[in-house]
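K.L.:
Just final-v8.tsv, nothing more (TSV, C-alpha atoms):
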chain	number	residue	atom	x	y	z
A	1	MET	CA	0.00	0.00	0.00
A	2	ILE	CA	2.76	2.37	0.89
A	3	GLU	CA	5.18	1.50	-1.87
A	4	ARG	CA	2.59	2.48	-4.41
A	5	ASN	CA	2.95	6.06	-3.29
A	6	LYS	CA	6.68	6.35	-3.79
A	7	PRO	CA	7.78	8.79	-6.43
A	8	ASP	CA	8.31	6.96	-9.67
A	9	SER	CA	9.26	7.27	-13.28
A	10	ILE	CA	6.92	7.66	-16.23
A	11	LYS	CA	6.95	3.96	-16.91
A	12	ASP	CA	5.93	3.26	-13.37
A	13	LEU	CA	3.22	5.83	-13.72
A	14	ASP	CA	1.95	3.98	-16.74
A	15	ASP	CA	1.86	0.76	-14.76
A	16	ARG	CA	0.04	2.46	-11.97
A	17	LEU	CA	-2.54	3.95	-14.27
A	18	ARG	CA	-3.18	0.57	-15.83
A	19	ARG	CA	-3.53	-1.06	-12.44
A	20	LEU	CA	-5.88	1.67	-11.27
A	21	ARG	CA	-8.01	1.30	-14.36
A	22	GLU	CA	-8.17	-2.45	-13.88
A	23	ARG	CA	-9.21	-1.96	-10.33
A	24	LYS	CA	-11.83	0.58	-11.22
A	25	ASP	CA	-14.14	-1.95	-12.80
A	26	GLY	CA	-13.05	-4.87	-10.71
A	27	ASN	CA	-15.33	-5.25	-7.74
A	28	LYS	CA	-13.40	-7.23	-5.28
A	29	PRO	CA	-14.86	-7.83	-1.88
A	30	ALA	CA	-13.48	-9.68	1.11
A	31	ALA	CA	-9.81	-9.05	0.72
A	32	LYS	CA	-8.12	-10.61	3.65
A	33	TRP	CA	-6.22	-8.68	6.16
A	34	ASP	CA	-2.62	-9.68	5.68
A	35	ASP	CA	-1.10	-10.74	8.94
A	36	ASP	CA	2.44	-10.75	7.59
A	37	THR	CA	2.71	-6.99	7.77
A	38	ARG	CA	2.29	-6.97	11.50
A	39	GLY	CA	4.45	-8.52	14.15
A	40	ALA	CA	3.74	-11.58	16.23
A	41	LEU	CA	2.89	-9.30	19.15
A	42	GLY	CA	0.14	-7.67	17.16
A	43	VAL	CA	-1.34	-11.04	16.34
A	44	ALA	CA	-1.09	-12.13	19.96
A	45	VAL	CA	-2.83	-9.00	21.24
A	46	ARG	CA	-5.50	-9.34	18.62
A	47	VAL	CA	-6.17	-12.97	19.44
A	48	GLY	CA	-6.31	-12.23	23.17
A	49	VAL	CA	-8.73	-9.35	22.75
A	50	GLU	CA	-10.91	-11.38	20.43
A	51	LEU	CA	-11.16	-14.28	22.88
A	52	VAL	CA	-11.79	-12.14	25.93
A	53	ALA	CA	-14.36	-9.94	24.19
A	54	ALA	CA	-16.49	-12.89	23.10
A	55	ILE	CA	-16.34	-14.52	26.54
A	56	GLY	CA	-17.23	-11.17	28.10
A	57	VAL	CA	-20.26	-10.79	25.87
A	58	GLY	CA	-21.35	-14.37	26.62
A	59	VAL	CA	-21.02	-13.87	30.36
A	60	GLY	CA	-22.84	-10.54	30.14
A	61	ILE	CA	-25.78	-12.03	28.25
A	62	GLY	CA	-25.92	-14.99	30.63
A	63	TYR	CA	-25.82	-12.78	33.69
A	64	LEU	CA	-28.56	-10.47	32.46
A	65	LEU	CA	-30.81	-13.34	31.37
A	66	ASP	CA	-30.28	-14.99	34.75
A	67	ARG	CA	-31.32	-11.85	36.56
A	68	TRP	CA	-34.33	-11.48	34.34
A	69	LEU	CA	-35.51	-15.10	34.46
A	70	ASP	CA	-34.33	-15.94	37.99
A	71	THR	CA	-32.40	-18.95	36.83
A	72	THR	CA	-29.07	-18.17	38.50
A	73	PRO	CA	-26.55	-19.59	37.73
A	74	TRP	CA	-27.53	-21.88	34.86
A	75	LEU	CA	-27.80	-19.48	31.94
A	76	LEU	CA	-24.56	-17.84	33.03
A	77	VAL	CA	-22.81	-21.20	32.73
A	78	VAL	CA	-24.39	-21.96	29.38
A	79	PHE	CA	-23.60	-18.55	27.91
A	80	PHE	CA	-20.09	-18.61	29.29
A	81	LEU	CA	-19.48	-21.79	27.33
A	82	LEU	CA	-21.14	-20.36	24.23
A	83	GLY	CA	-19.05	-17.22	24.59
A	84	ALA	CA	-15.89	-19.28	24.89
A	85	ALA	CA	-16.90	-21.16	21.75
A	86	ALA	CA	-17.56	-17.89	19.94
A	87	GLY	CA	-14.19	-16.60	21.09
A	88	MET	CA	-12.43	-19.69	19.79
A	89	MET	CA	-14.25	-19.31	16.51
A	90	ASN	CA	-13.24	-15.65	16.23
A	91	VAL	CA	-9.63	-16.57	16.93
A	92	TYR	CA	-9.80	-19.31	14.34
A	93	ARG	CA	-11.17	-16.85	11.81
A	94	VAL	CA	-8.53	-14.28	12.56
A	95	MET	CA	-5.75	-16.79	12.23
A	96	SER	CA	-7.03	-18.40	9.08
A	97	GLY	CA	-7.44	-15.01	7.44
A	98	MET	CA	-11.17	-15.15	7.01
A	99	SER	CA	-11.33	-11.59	8.22
A	100	GLN	CA	-14.02	-10.86	10.74
A	101	ALA	CA	-16.83	-12.39	8.82
A	102	VAL	CA	-19.54	-13.57	11.09
A	103	GLY	CA	-21.46	-16.21	9.23
A	104	TYR	CA	-18.94	-16.75	6.52
A	105	SER	CA	-19.96	-19.65	4.40
A	106	ALA	CA	-18.14	-22.34	2.54
A	107	GLU	CA	-19.71	-20.85	-0.54
A	108	ARG	CA	-18.44	-17.42	0.22
A	109	LYS	CA	-15.00	-18.66	1.05
A	110	GLY	CA	-15.00	-20.43	-2.27
A	111	SER	CA	-16.02	-17.32	-4.12
A	112	ALA	CA	-13.38	-15.30	-2.33
A	113	GLU	CA	-10.81	-17.84	-3.39
A	114	ASN	CA	-12.02	-17.76	-6.96
A	115	MET	CA	-11.71	-14.05	-6.82
A	116	ARG	CA	-8.18	-14.34	-5.65
A	117	ASP	CA	-7.40	-16.84	-8.37
A	118	ASP	CA	-8.77	-14.44	-10.93
A	119	ASP	CA	-6.52	-11.78	-9.58
A	120	ASP	CA	-3.57	-14.09	-9.84
A	121	ASN	CA	-4.42	-15.01	-13.41
A	122	ALA	CA	-5.01	-11.53	-14.65
A	123	PRO	CA	-1.44	-10.23	-14.58
A	124	ARG	CA	-0.06	-13.49	-15.99
A	125	GLU	CA	-2.22	-13.23	-19.07
A	126	THR	CA	-1.43	-9.65	-19.84
B	1	MET	CA	8.62	14.88	42.06
B	2	ALA	CA	8.88	11.32	40.84
B	3	GLU	CA	6.64	9.90	43.56
B	4	LYS	CA	3.91	12.41	42.89
B	5	HIS	CA	3.61	11.39	39.26
B	6	SER	CA	2.06	7.99	38.94
B	7	PRO	CA	2.38	6.48	35.47
B	8	LEU	CA	-1.41	6.61	35.29
B	9	ALA	CA	-1.72	10.29	36.18
B	10	GLN	CA	-1.55	11.15	32.49
B	11	PHE	CA	-4.94	9.54	31.90
B	12	GLU	CA	-6.74	11.60	34.51
B	13	ILE	CA	-9.74	13.53	33.29
B	14	LYS	CA	-9.63	17.10	34.46
B	15	THR	CA	-12.64	19.33	34.20
B	16	LEU	CA	-11.77	22.57	32.52
B	17	LEU	CA	-15.20	24.12	32.23
B	18	PRO	CA	-17.95	22.58	34.37
B	19	ILE	CA	-21.27	22.33	32.57
B	20	HIS	CA	-24.21	20.56	34.15
B	21	ILE	CA	-27.56	20.22	32.48
B	22	GLY	CA	-29.99	18.52	34.82
B	23	ASP	CA	-28.21	15.41	36.05
B	24	ALA	CA	-26.00	15.15	32.99
B	25	ASN	CA	-22.42	16.18	33.42
B	26	ILE	CA	-21.26	17.48	30.07
B	27	SER	CA	-18.32	19.48	31.37
B	28	PHE	CA	-15.62	20.49	28.98
B	29	THR	CA	-12.64	18.38	30.04
B	30	ASN	CA	-9.06	17.99	28.91
B	31	SER	CA	-10.32	15.04	26.87
B	32	SER	CA	-12.81	17.25	25.04
B	33	LEU	CA	-10.14	19.90	24.61
B	34	PHE	CA	-7.86	17.46	22.82
B	35	MET	CA	-10.70	16.22	20.65
B	36	VAL	CA	-11.32	19.81	19.60
B	37	ILE	CA	-7.60	20.25	19.00
B	38	ALA	CA	-7.61	17.11	16.87
B	39	LEU	CA	-10.55	18.39	14.83
B	40	VAL	CA	-8.92	21.77	14.31
B	41	ALA	CA	-5.59	20.16	13.42
B	42	ILE	CA	-7.24	17.84	10.89
B	43	SER	CA	-9.19	20.70	9.34
B	44	VAL	CA	-6.13	22.92	9.11
B	45	PHE	CA	-4.04	20.05	7.77
B	46	LEU	CA	-6.48	19.15	5.03
B	47	ILE	CA	-7.97	22.50	4.10
B	48	MET	CA	-4.73	24.47	4.15
B	49	GLY	CA	-2.91	21.59	2.46
B	50	MET	CA	-5.35	21.51	-0.43
B	51	ARG	CA	-5.88	25.26	-0.64
B	52	LYS	CA	-3.61	25.74	-3.61
B	53	GLY	CA	-4.63	22.49	-5.25
B	54	GLN	CA	-1.57	22.35	-7.44
B	55	LEU	CA	-1.22	19.73	-10.14
B	56	VAL	CA	2.25	18.92	-8.89
B	57	PRO	CA	1.74	18.83	-5.14
B	58	GLY	CA	4.09	20.39	-2.67
B	59	ARG	CA	5.05	18.64	0.55
B	60	TRP	CA	2.00	19.61	2.48
B	61	GLN	CA	-0.41	18.82	-0.30
B	62	SER	CA	1.35	15.49	-0.80
B	63	MET	CA	0.72	14.54	2.79
B	64	ALA	CA	-2.95	15.45	2.57
B	65	GLU	CA	-3.29	13.49	-0.66
B	66	LEU	CA	-1.41	10.57	0.85
B	67	CYS	CA	-3.98	10.32	3.64
B	68	TYR	CA	-6.80	10.47	1.14
B	69	GLU	CA	-5.29	7.84	-1.14
B	70	PHE	CA	-4.41	5.59	1.74
B	71	VAL	CA	-7.95	5.43	3.06
B	72	ALA	CA	-9.34	5.19	-0.47
B	73	SER	CA	-7.16	2.20	-1.24
B	74	VAL	CA	-8.08	0.49	2.04
B	75	ILE	CA	-11.76	0.85	1.16
B	76	ARG	CA	-11.20	-0.30	-2.40
B	77	ASP	CA	-9.27	-3.37	-1.31
B	78	THR	CA	-11.70	-4.45	1.36
B	79	VAL	CA	-15.14	-3.36	0.21
B	80	GLY	CA	-14.73	-2.77	-3.50
B	81	ASN	CA	-16.37	-0.06	-5.53
B	82	GLU	CA	-19.58	-0.07	-3.55
B	83	GLY	CA	-17.57	1.10	-0.58
B	84	ARG	CA	-16.92	4.48	-2.15
B	85	ARG	CA	-20.00	6.09	-0.71
B	86	TYR	CA	-18.80	5.27	2.79
B	87	PHE	CA	-15.50	7.02	2.22
B	88	PRO	CA	-16.37	10.22	4.13
B	89	PHE	CA	-17.29	8.24	7.23
B	90	VAL	CA	-14.27	5.96	7.12
B	91	PHE	CA	-11.91	8.83	6.34
B	92	THR	CA	-13.24	10.89	9.23
B	93	LEU	CA	-12.86	7.96	11.56
B	94	PHE	CA	-9.32	7.26	10.40
B	95	MET	CA	-8.17	10.87	10.69
B	96	PHE	CA	-9.78	11.32	14.08
B	97	VAL	CA	-8.20	8.20	15.56
B	98	LEU	CA	-4.86	8.88	13.89
B	99	PHE	CA	-4.69	12.46	15.13
B	100	GLY	CA	-5.88	11.40	18.57
B	101	ASN	CA	-3.11	8.83	18.78
B	102	MET	CA	-0.47	11.13	17.35
B	103	LEU	CA	-1.42	14.11	19.53
B	104	GLY	CA	-1.00	11.78	22.48
B	105	MET	CA	2.64	11.35	21.54
B	106	ILE	CA	3.35	15.01	22.26
B	107	PRO	CA	4.69	15.33	25.82
B	108	TYR	CA	2.19	16.73	28.35
B	109	SER	CA	-0.69	16.16	26.01
B	110	PHE	CA	-3.69	13.98	26.62
B	111	THR	CA	-4.51	10.85	24.62
B	112	PHE	CA	-8.26	10.66	24.29
B	113	THR	CA	-8.05	7.32	22.48
B	114	SER	CA	-6.70	5.81	25.69
B	115	HIS	CA	-10.16	6.04	27.22
B	116	ILE	CA	-12.57	3.20	26.69
B	117	ALA	CA	-15.48	5.65	26.80
B	118	VAL	CA	-14.19	7.33	23.65
B	119	THR	CA	-13.19	4.21	21.73
B	120	PHE	CA	-16.31	2.31	22.72
B	121	ALA	CA	-18.52	5.18	21.60
B	122	MET	CA	-16.79	5.15	18.21
B	123	ALA	CA	-17.04	1.37	18.00
B	124	MET	CA	-20.75	1.50	18.83
B	125	VAL	CA	-21.33	4.06	16.10
B	126	VAL	CA	-19.62	1.70	13.66
B	127	PHE	CA	-21.48	-1.34	14.99
B	128	ILE	CA	-24.94	0.24	14.98
B	129	GLY	CA	-24.29	1.91	11.64
B	130	VAL	CA	-23.21	-1.35	10.03
B	131	THR	CA	-26.16	-3.25	11.49
B	132	VAL	CA	-28.61	-0.62	10.22
B	133	LEU	CA	-26.85	-0.67	6.86
B	134	GLY	CA	-27.25	-4.45	6.68
B	135	PHE	CA	-30.97	-4.23	7.44
B	136	VAL	CA	-31.50	-1.42	4.96
B	137	LYS	CA	-29.71	-3.35	2.23
B	138	HIS	CA	-31.04	-6.82	2.90
B	139	GLY	CA	-34.09	-6.51	5.13
B	140	PHE	CA	-34.69	-9.56	7.25
B	141	LYS	CA	-32.36	-11.62	5.10
B	142	PHE	CA	-29.65	-9.94	7.14
B	143	PHE	CA	-30.40	-12.45	9.89
B	144	GLY	CA	-28.98	-15.04	7.51
B	145	ILE	CA	-25.58	-13.81	8.63
B	146	PHE	CA	-26.11	-15.81	11.82
B	147	ALA	CA	-26.85	-19.10	10.09
B	148	PRO	CA	-24.00	-20.13	7.83
B	149	PRO	CA	-25.32	-22.13	4.90
B	150	GLY	CA	-24.11	-25.69	4.60
B	151	VAL	CA	-24.59	-26.31	8.29
B	152	PRO	CA	-27.13	-29.01	9.19
B	153	ILE	CA	-30.27	-27.60	10.80
B	154	ALA	CA	-29.66	-29.78	13.85
B	155	MET	CA	-26.63	-27.63	14.60
B	156	TRP	CA	-28.48	-24.33	14.39
B	157	PRO	CA	-29.59	-24.09	18.05
B	158	LEU	CA	-25.93	-24.31	19.02
B	159	LEU	CA	-24.43	-22.31	16.21
B	160	ILE	CA	-26.78	-19.35	16.08
B	161	PRO	CA	-26.15	-18.25	19.69
B	162	ILE	CA	-22.44	-18.60	19.07
B	163	GLU	CA	-22.67	-16.47	15.94
B	164	ILE	CA	-24.76	-13.86	17.71
B	165	ILE	CA	-22.25	-13.63	20.56
B	166	SER	CA	-19.47	-13.43	18.03
B	167	TYR	CA	-21.29	-10.61	16.27
B	168	LEU	CA	-21.98	-8.74	19.50
B	169	SER	CA	-18.36	-9.02	20.54
B	170	ARG	CA	-17.30	-6.90	17.57
B	171	PRO	CA	-17.66	-3.45	19.12
B	172	ILE	CA	-15.95	-4.68	22.27
B	173	SER	CA	-12.93	-6.13	20.54
B	174	LEU	CA	-12.77	-3.11	18.25
B	175	SER	CA	-12.75	-0.61	21.10
B	176	VAL	CA	-10.68	-2.62	23.57
B	177	ARG	CA	-7.92	-3.16	21.04
B	178	LEU	CA	-7.42	0.55	20.42
B	179	PHE	CA	-7.85	1.60	24.03
B	180	ALA	CA	-5.62	-1.15	25.45
B	181	ASN	CA	-2.84	-0.46	22.99
B	182	MET	CA	-2.76	3.24	23.73
B	183	LEU	CA	-3.11	2.77	27.48
B	184	ALA	CA	-0.40	0.13	27.70
B	185	GLY	CA	2.01	1.99	25.46
B	186	HIS	CA	1.72	5.29	27.28
B	187	THR	CA	1.95	3.65	30.69
B	188	LEU	CA	5.07	1.78	29.64
B	189	LEU	CA	6.66	4.99	28.38
B	190	LYS	CA	5.91	6.73	31.63
B	191	VAL	CA	7.22	3.86	33.76
B	192	PHE	CA	10.52	3.76	31.92
B	193	ALA	CA	10.76	7.54	31.97
B	194	GLY	CA	10.37	7.30	35.75
B	195	PHE	CA	13.56	5.19	35.90
B	196	VAL	CA	15.61	7.94	34.31
B	197	PRO	CA	15.86	10.29	37.32
B	198	ALA	CA	15.80	7.37	39.76
B	199	LEU	CA	18.97	5.78	38.38
B	200	GLY	CA	21.12	8.88	38.27
B	201	ALA	CA	24.01	8.55	35.84
B	202	LEU	CA	22.86	5.11	34.76
B	203	GLY	CA	19.63	6.76	33.71
B	204	VAL	CA	21.07	7.08	30.23
B	205	LEU	CA	20.09	3.47	29.58
B	206	PRO	CA	16.34	3.85	30.24
B	207	LEU	CA	16.51	7.19	28.44
B	208	ALA	CA	17.77	5.46	25.31
B	209	PHE	CA	15.10	2.85	25.75
B	210	VAL	CA	12.39	5.48	26.07
B	211	ALA	CA	13.64	7.11	22.89
B	212	ALA	CA	13.38	3.80	21.05
B	213	LEU	CA	10.02	3.09	22.62
B	214	SER	CA	8.69	6.45	21.48
B	215	GLY	CA	9.46	5.44	17.93
B	216	LEU	CA	7.62	2.18	18.44
B	217	GLU	CA	4.69	4.06	19.94
B	218	MET	CA	4.50	6.23	16.83
B	219	VAL	CA	4.22	3.08	14.73
B	220	ILE	CA	1.55	1.67	17.04
B	221	ALA	CA	-0.33	4.97	16.96
B	222	PHE	CA	-0.55	4.74	13.20
B	223	LEU	CA	-1.12	0.98	13.13
B	224	GLN	CA	-4.03	1.12	15.54
B	225	ALA	CA	-5.70	3.85	13.50
B	226	TYR	CA	-5.20	1.64	10.46
B	227	VAL	CA	-6.58	-1.43	12.23
B	228	PHE	CA	-9.64	0.50	13.39
B	229	THR	CA	-10.23	1.69	9.84
B	230	ILE	CA	-9.74	-1.64	8.13
B	231	LEU	CA	-11.99	-3.46	10.58
B	232	THR	CA	-14.68	-0.86	9.97
B	233	CYS	CA	-14.28	-1.51	6.25
B	234	LEU	CA	-14.51	-5.26	6.77
B	235	TYR	CA	-17.71	-4.83	8.76
B	236	ILE	CA	-19.18	-2.62	6.05
B	237	ASN	CA	-18.18	-5.27	3.53
B	238	ASP	CA	-19.94	-7.97	5.56
B	239	ALA	CA	-23.10	-5.90	5.70
B	240	LEU	CA	-23.03	-5.14	1.97
B	241	HIS	CA	-22.08	-8.51	0.58
B	242	LEU	CA	-24.29	-10.96	2.30
B	243	HIS	CA	-24.35	-14.52	1.07
Can the structure from this file be put into structure tokens for me?

P.N.:
Amino acid sequence: MIERNKPDSIKDLDDRLRRLRERKDGNKPAAKWDDDTRGALGVAVRVGVELVAAIGVGVGIGYLLDRWLDTTPWLLVVFFLLGAAAGMMNVYRVMSGMSQAVGYSAERKGSAENMRDDDDNAPRET
Amino acid sequence: MAEKHSPLAQFEIKTLLPIHIGDANISFTNSSLFMVIALVAISVFLIMGMRKGQLVPGRWQSMAELCYEFVASVIRDTVGNEGRRYFPFVFTLFMFVLFGNMLGMIPYSFTFTSHIAVTFAMAMVVFIGVTVLGFVKHGFKFFGIFAPPGVPIAMWPLLIPIEIISYLSRPISLSVRLFANMLAGHTLLKVFAGFVPALGALGVLPLAFVAALSGLEMVIAFLQAYVFTILTCLYINDALHLH
């Protein structure tokens, strides 16, 4: 992203223009967030936050439902486990580069991969 | 002097101009002051930078254009062309967080992004906005986001609550990430700075470390603004491209 903005020669400018034009009509959703650009610490912090946030939400929902329905502590236990599961799932998604997509589907993943393949093919053919 | 300054003193909210309306305390604090400073700085930076609007940009104009292009390319890469109409929102968010983080790097200033109240408010705006956007675009089909296709119906009672919790955890992880990074970084800087007078002549070592750490903090300040922006874009993308 940054290197694109470096000052460059006319030839480079030509390349850039072409790339920009290509991109203009290409509608390309669900690019994944490249983890390589950030350090291991960044990934670790991200994973930790993701896990804790989901567990926190689960516990919060469980606690409030318990207070409302007078079922202490059963819903808290259930929602804690669900929250932990959601946290694990979030972490899995972060690590496997499926962005943040809640409710990603096999279909969608496939289409995203096709999209990426198309992108790979395009420069080779030109 | 050293004992009076706790590493956390820098995050204290000080009321500058008390305003109370009914029970609501809407006093003008140092946090509000720095938000105003950030807004003014952004406006000056962009408006003055683009005032001449030269074809071959000078340094200042280049920086303003760089910010614009950076956010534009993030939106293009994550959302695609449909994301263009959300550019003003995303750009505002990015500049506000970036300037908040960067202003915090100036000694004696206040980092408003190190307060969960600020980051959580921004995250909630994003979260509610994206949810409304999803409903406007897809109506009740938006609920389909919670039930991934290809999953047997028997699994739904288990999976849907998990997906809902996962969805609801978005604003929390979004806000906590920014707030925790800024809080931890600034505390660390202050703690190591506290070693400098305490160690006397040997204080050169922590001083060098603080200098290096300040550089790292600059990177984190930018990176966290970037992360906040790109996650917002990913959420917008999720709401737009439902499958």

K.L.:
Can you pull out every residue within 7 Å of region 4-21 of chain B, counting all atoms listed in the file, but drop anything in the same chain fewer than 4 positions away, and send it as a PyMOL selection string?

P.N.:
chain B and resi 25-31+110+187+190-191

K.L.:
In Å, rounded to a single decimal, give me how far CA of Tyr167 (chain B) is from CA of Val126 (chain B).

P.N.:
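We find that CA of Val126 (chain B) and CA of Tyr167 (chain B) lie 12.7 Å from each other.
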
K.L.:
Distance table requested - chain B against chain A, cut-off 7 Å, all atoms listed in the file: one row per qualifying residue with the closest atom pair and its distance in Å to one decimal, ordered by chain and rising residue number, as a Markdown table.

P.N.:
| residue | atom | partner | partner_atom | distance |
| --- | --- | --- | --- | --- |
| B:Asp77 | CA | A:Ala31 | CA | 6.1 |
| B:Thr78 | CA | A:Ala31 | CA | 5.0 |
| B:Val79 | CA | A:Pro29 | CA | 4.9 |
| B:Gly80 | CA | A:Asn27 | CA | 4.9 |
| B:Asn81 | CA | A:Asn27 | CA | 5.7 |
| B:Ile145 | CA | A:Gly103 | CA | 4.8 |
| B:Phe146 | CA | A:Gly103 | CA | 5.3 |
| B:Ala147 | CA | A:Gly103 | CA | 6.2 |
| B:Pro148 | CA | A:Gly103 | CA | 4.9 |
| B:Pro149 | CA | A:Ser105 | CA | 5.9 |
| B:Ile162 | CA | A:Ala86 | CA | 5.0 |
| B:Glu163 | CA | A:Val102 | CA | 6.5 |
| B:Ile165 | CA | A:Gly58 | CA | 6.2 |
| B:Ser166 | CA | A:Ala86 | CA | 5.2 |
| B:Tyr167 | CA | A:Val102 | CA | 6.2 |
| B:Leu168 | CA | A:Val57 | CA | 6.9 |
| B:Ser169 | CA | A:Ala54 | CA | 5.0 |
| B:Ile172 | CA | A:Ala53 | CA | 5.8 |
| B:Ser173 | CA | A:Ala53 | CA | 5.5 |
| B:Arg177 | CA | A:Val49 | CA | 6.5 |
| B:Leu234 | CA | A:Gln100 | CA | 6.9 |
| B:Asn237 | CA | A:Pro29 | CA | 6.8 |
| B:Asp238 | CA | A:Ala101 | CA | 6.3 |
| B:His243 | CA | A:Arg108 | CA | 6.6 |

K.L.:
In Å, with one decimal, what is the gap from CA of Phe222 (chain B) to CA of Leu98 (chain B)?

P.N.:
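If I compute the distance from CA of Phe222 (chain B) to CA of Leu98 (chain B), I get 6.0 Å.
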
K.L.:
Find, counting all atoms listed in the file, the residue in B:Val176, B:Ile42, B:Met50, B:Leu216 that gets nearest to His115 (chain B).

P.N.:
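For His115 (chain B), the nearest of the candidates is B:Val176.
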
K.L.:
Hey, can you check how far CA of Phe143 (chain B) sits from CA of Arg170 (chain B)?

P.N.:
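Distance between the two atoms: 16.2 Å.
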
K.L.:
Name all residues at most 9 Å from Lys141 (chain B) (count all atoms listed in the file; drop same-chain ones fewer than 5 positions away) and give them as a ChimeraX atom specification.

P.N.:
/B:134-135,242

K.L.:
Determine the nearest neighbour of Ala184 (chain B) from the options B:Leu213, B:Ile75, B:Leu93, B:Ile47, counting only C-alpha atoms.

P.N.:
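Smallest separation from Ala184 (chain B) among the options: B:Leu213.
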